[in-house]
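Q: Structure in structure tokens, see below.
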Amino acid sequence: MTRWTAFARIGFAALTAAALWVSAVHASEVGLGLDDFFSFFTVLSNCAAVLVLAWGGLATSLDRPGVPHLLRGAATLYMVVTALVFAIALTDVETGMLPWTNVVLHQVMPVVMLLDWLLLPPLRPLRYSRSALWLLFPLLYLVYTLVRGPVADWYPYPFLDAFTNGYAHVALASALISVAFLALTAFLTWAGNTRRLRVSAQTHG
């Protein structure tokens, strides 16, 4: 089980890294700079997934301490939100990605991260007050995007485009996504703690 877990984590990390690399090359070919490319929340969340999965896979194979559960939970949250926003708001929007990389980064990897969190839950209880720290990065990302948008004359997502839609629309979209972040933070914390108790009971039962 441990060997297969390590193999799966490293394999999916490699798949995601390959999809990110191909996407970056494709983006440069269509005139999108690296600063714009790394301004997509999808790209940043998948970079976090690569880090967490590769670290976790190597730690598992070498029998070393794993990824801190706060970091794992944060990466899982960001990937799940990535999939949710894509499914609701971006399926009909041109993402600038190749079809296979689009599927990997927006659909496959969020499911992988969620399953990793549920099947291999944190070993220690996770307090809601600690998991609330996961919300800091999305908040900073929103501020960065809204400040950078007018300067770069470019926004990564249509629902954050204040030039086209106005700040009222951006505020509404941001509020709805914030609710999703809050709800999913609570769910992942609850699910991780619940699964930890069940796995512990099965192990010692």
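Numbering starts fresh at 1 for the residues of each chain in the structure tokens, the chains themselves are lettered A, B, ... in the order given, and ligands are numbered from 1 as they appear.
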What are the closest atom pairs, with distances in Å to one decimal, for all residues of stretch 48-133 of chain A lying within 12 Å of stretch 18-37 of chain A? Consider only C-alpha atoms, order rows by chain and residue number, and present the result as JSON lines.
A:
```
{"residue": "A:Ala48", "atom": "CA", "partner": "A:Leu20", "partner_atom": "CA", "distance": 11.6}
{"residue": "A:Ala49", "atom": "CA", "partner": "A:Leu20", "partner_atom": "CA", "distance": 11.2}
{"residue": "A:Val50", "atom": "CA", "partner": "A:Leu20", "partner_atom": "CA", "distance": 9.7}
{"residue": "A:Thr95", "atom": "CA", "partner": "A:Ala27", "partner_atom": "CA", "distance": 10.0}
{"residue": "A:Gly96", "atom": "CA", "partner": "A:Ala27", "partner_atom": "CA", "distance": 6.9}
{"residue": "A:Met97", "atom": "CA", "partner": "A:Ser23", "partner_atom": "CA", "distance": 5.9}
{"residue": "A:Leu98", "atom": "CA", "partner": "A:Ser23", "partner_atom": "CA", "distance": 7.0}
{"residue": "A:Pro99", "atom": "CA", "partner": "A:Ser23", "partner_atom": "CA", "distance": 10.1}
{"residue": "A:Trp100", "atom": "CA", "partner": "A:Ala19", "partner_atom": "CA", "distance": 8.0}
{"residue": "A:Thr101", "atom": "CA", "partner": "A:Ala19", "partner_atom": "CA", "distance": 5.1}
{"residue": "A:Asn102", "atom": "CA", "partner": "A:Ala19", "partner_atom": "CA", "distance": 8.3}
{"residue": "A:Val103", "atom": "CA", "partner": "A:Ala19", "partner_atom": "CA", "distance": 9.5}
{"residue": "A:Val104", "atom": "CA", "partner": "A:Ala19", "partner_atom": "CA", "distance": 7.0}
{"residue": "A:Leu105", "atom": "CA", "partner": "A:Ala19", "partner_atom": "CA", "distance": 7.2}
{"residue": "A:His106", "atom": "CA", "partner": "A:Ala19", "partner_atom": "CA", "distance": 10.8}
{"residue": "A:Val108", "atom": "CA", "partner": "A:Ala19", "partner_atom": "CA", "distance": 11.3}
{"residue": "A:Met109", "atom": "CA", "partner": "A:Ala19", "partner_atom": "CA", "distance": 10.6}
```
Q: A:Arg124, A:His169, A:Arg72, A:Arg130: which is nearest A:Leu197, counting only C-alpha atoms?
A: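 Selected residue with least distance to A:Leu197: A:Arg124.
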Q: Hey, which of A:Trp55, A:Arg127, A:Ser39, A:Ser45 ends up closest to A:Val147? Count only C-alpha atoms.
A: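 Smallest distance to A:Val147 is found for A:Ser39.
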Q: Got a sec to tell me which of stretch 8-173 of chain A DSSP assigns to alpha helix (DSSP H), as an NGL selection string?
A: :A and (8-29 or 34-37 or 41-61 or 69-85 or 99-103 or 109-119 or 128-131 or 136-152 or 162-165 or 167-173)
Q: So the first atom is atom CA of A:Trp190 and the second is atom CA of A:Trp117; what is the distance between them in Å, to one decimal place?
A: 11.5 Å
Q: Got a sec: who's within 7 Å of stretch 173-186 of chain A, counting only C-alpha atoms, leaving out chain neighbours fewer than 6 positions off, as a list in words?
A: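 Once the adjacent positions are removed, what remains is Leu77, Val81, Ser131 and Phe159 of chain A.
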Q: What is the atom CA of A:Ala168-atom CA of A:Val85 distance in Å, reported with one decimal?
A: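 These two atoms are separated by 18.8 Å.
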Q: Could you give me, as a tab-separated table (two decimals) with N, CA and C atoms, in the first residue's frame, the residues within 12 Å of A:Tyr141, counting only C-alpha atoms and dropping anything in the same chain fewer than 3 positions from it?
A:
```
chain	number	residue	atom	x	y	z
A	38	PHE	N	1.58	32.85	-14.86
A	38	PHE	CA	1.59	32.55	-13.43
A	38	PHE	C	0.64	33.46	-12.65
A	39	SER	N	-0.19	34.20	-13.35
A	39	SER	CA	-1.23	34.98	-12.70
A	39	SER	C	-2.57	34.26	-12.72
A	40	PHE	N	-2.61	33.08	-13.33
A	40	PHE	CA	-3.82	32.24	-13.29
A	40	PHE	C	-3.85	31.46	-11.98
A	41	PHE	N	-4.98	31.50	-11.29
A	41	PHE	CA	-5.12	30.72	-10.06
A	41	PHE	C	-4.97	29.23	-10.35
A	42	THR	N	-5.44	28.80	-11.52
A	42	THR	CA	-5.30	27.40	-11.92
A	42	THR	C	-3.85	26.98	-11.91
A	44	LEU	N	-1.26	28.39	-10.33
A	44	LEU	CA	-0.70	28.43	-8.98
A	44	LEU	C	-1.18	27.25	-8.13
A	45	SER	N	-2.46	26.94	-8.23
A	45	SER	CA	-2.99	25.82	-7.44
A	45	SER	C	-2.40	24.49	-7.89
A	78	TYR	N	-7.54	24.58	-2.84
A	78	TYR	CA	-7.35	25.40	-4.02
A	78	TYR	C	-7.67	24.63	-5.30
A	135	LEU	N	-7.43	30.44	3.74
A	135	LEU	CA	-8.12	31.50	3.01
A	135	LEU	C	-7.22	32.71	2.73
A	136	LEU	N	-6.07	32.77	3.35
A	136	LEU	CA	-5.20	33.93	3.18
A	136	LEU	C	-4.68	34.04	1.74
A	137	PHE	N	-4.25	32.93	1.18
A	137	PHE	CA	-3.70	32.99	-0.18
A	137	PHE	C	-4.74	33.44	-1.21
A	138	PRO	N	-5.96	32.88	-1.22
A	138	PRO	CA	-6.97	33.37	-2.18
A	138	PRO	C	-7.25	34.86	-2.02
A	144	TYR	N	-4.02	40.95	-5.51
A	144	TYR	CA	-2.99	41.03	-6.55
A	144	TYR	C	-3.60	41.18	-7.94
A	145	THR	N	-4.63	40.40	-8.22
A	145	THR	CA	-5.26	40.43	-9.54
A	145	THR	C	-5.93	41.76	-9.82
A	146	LEU	N	-6.64	42.29	-8.83
A	146	LEU	CA	-7.35	43.55	-9.03
A	146	LEU	C	-6.39	44.73	-9.12
A	147	VAL	N	-5.27	44.65	-8.42
A	147	VAL	CA	-4.28	45.72	-8.51
A	147	VAL	C	-3.48	45.62	-9.81
A	148	ARG	N	-3.14	44.42	-10.19
A	148	ARG	CA	-2.32	44.23	-11.40
A	148	ARG	C	-3.12	44.46	-12.68
A	149	GLY	N	-4.43	44.13	-12.64
A	149	GLY	CA	-5.26	44.22	-13.84
A	149	GLY	C	-5.15	45.55	-14.57
A	156	PRO	N	-6.87	37.64	-15.68
A	156	PRO	CA	-6.80	36.21	-16.02
A	156	PRO	C	-8.17	35.56	-16.24
A	160	LEU	N	-13.34	38.47	-13.21
A	160	LEU	CA	-12.54	39.43	-12.46
A	160	LEU	C	-12.15	40.65	-13.31
A	174	SER	N	-16.66	37.77	-6.65
A	174	SER	CA	-15.70	37.52	-5.56
A	174	SER	C	-16.41	37.05	-4.31
```
Q: Nearest to A:Val111 among A:Val80, A:Leu58, A:Leu70, A:Val170, with distances taken over only C-alpha atoms: which residue is it?
A: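 Comparing A:Val80, A:Leu58, A:Leu70, A:Val170 against A:Val111, the winner is A:Val80.
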Q: Give me the residues near A:Pro122 as a ChimeraX atom specification, where near means some atom within 9 Å (using only C-alpha atoms) and where sequence neighbours in that chain fewer than 3 positions away do not count.
A: /A:68-70,72-73,117-118,125-126,192-193,195-196
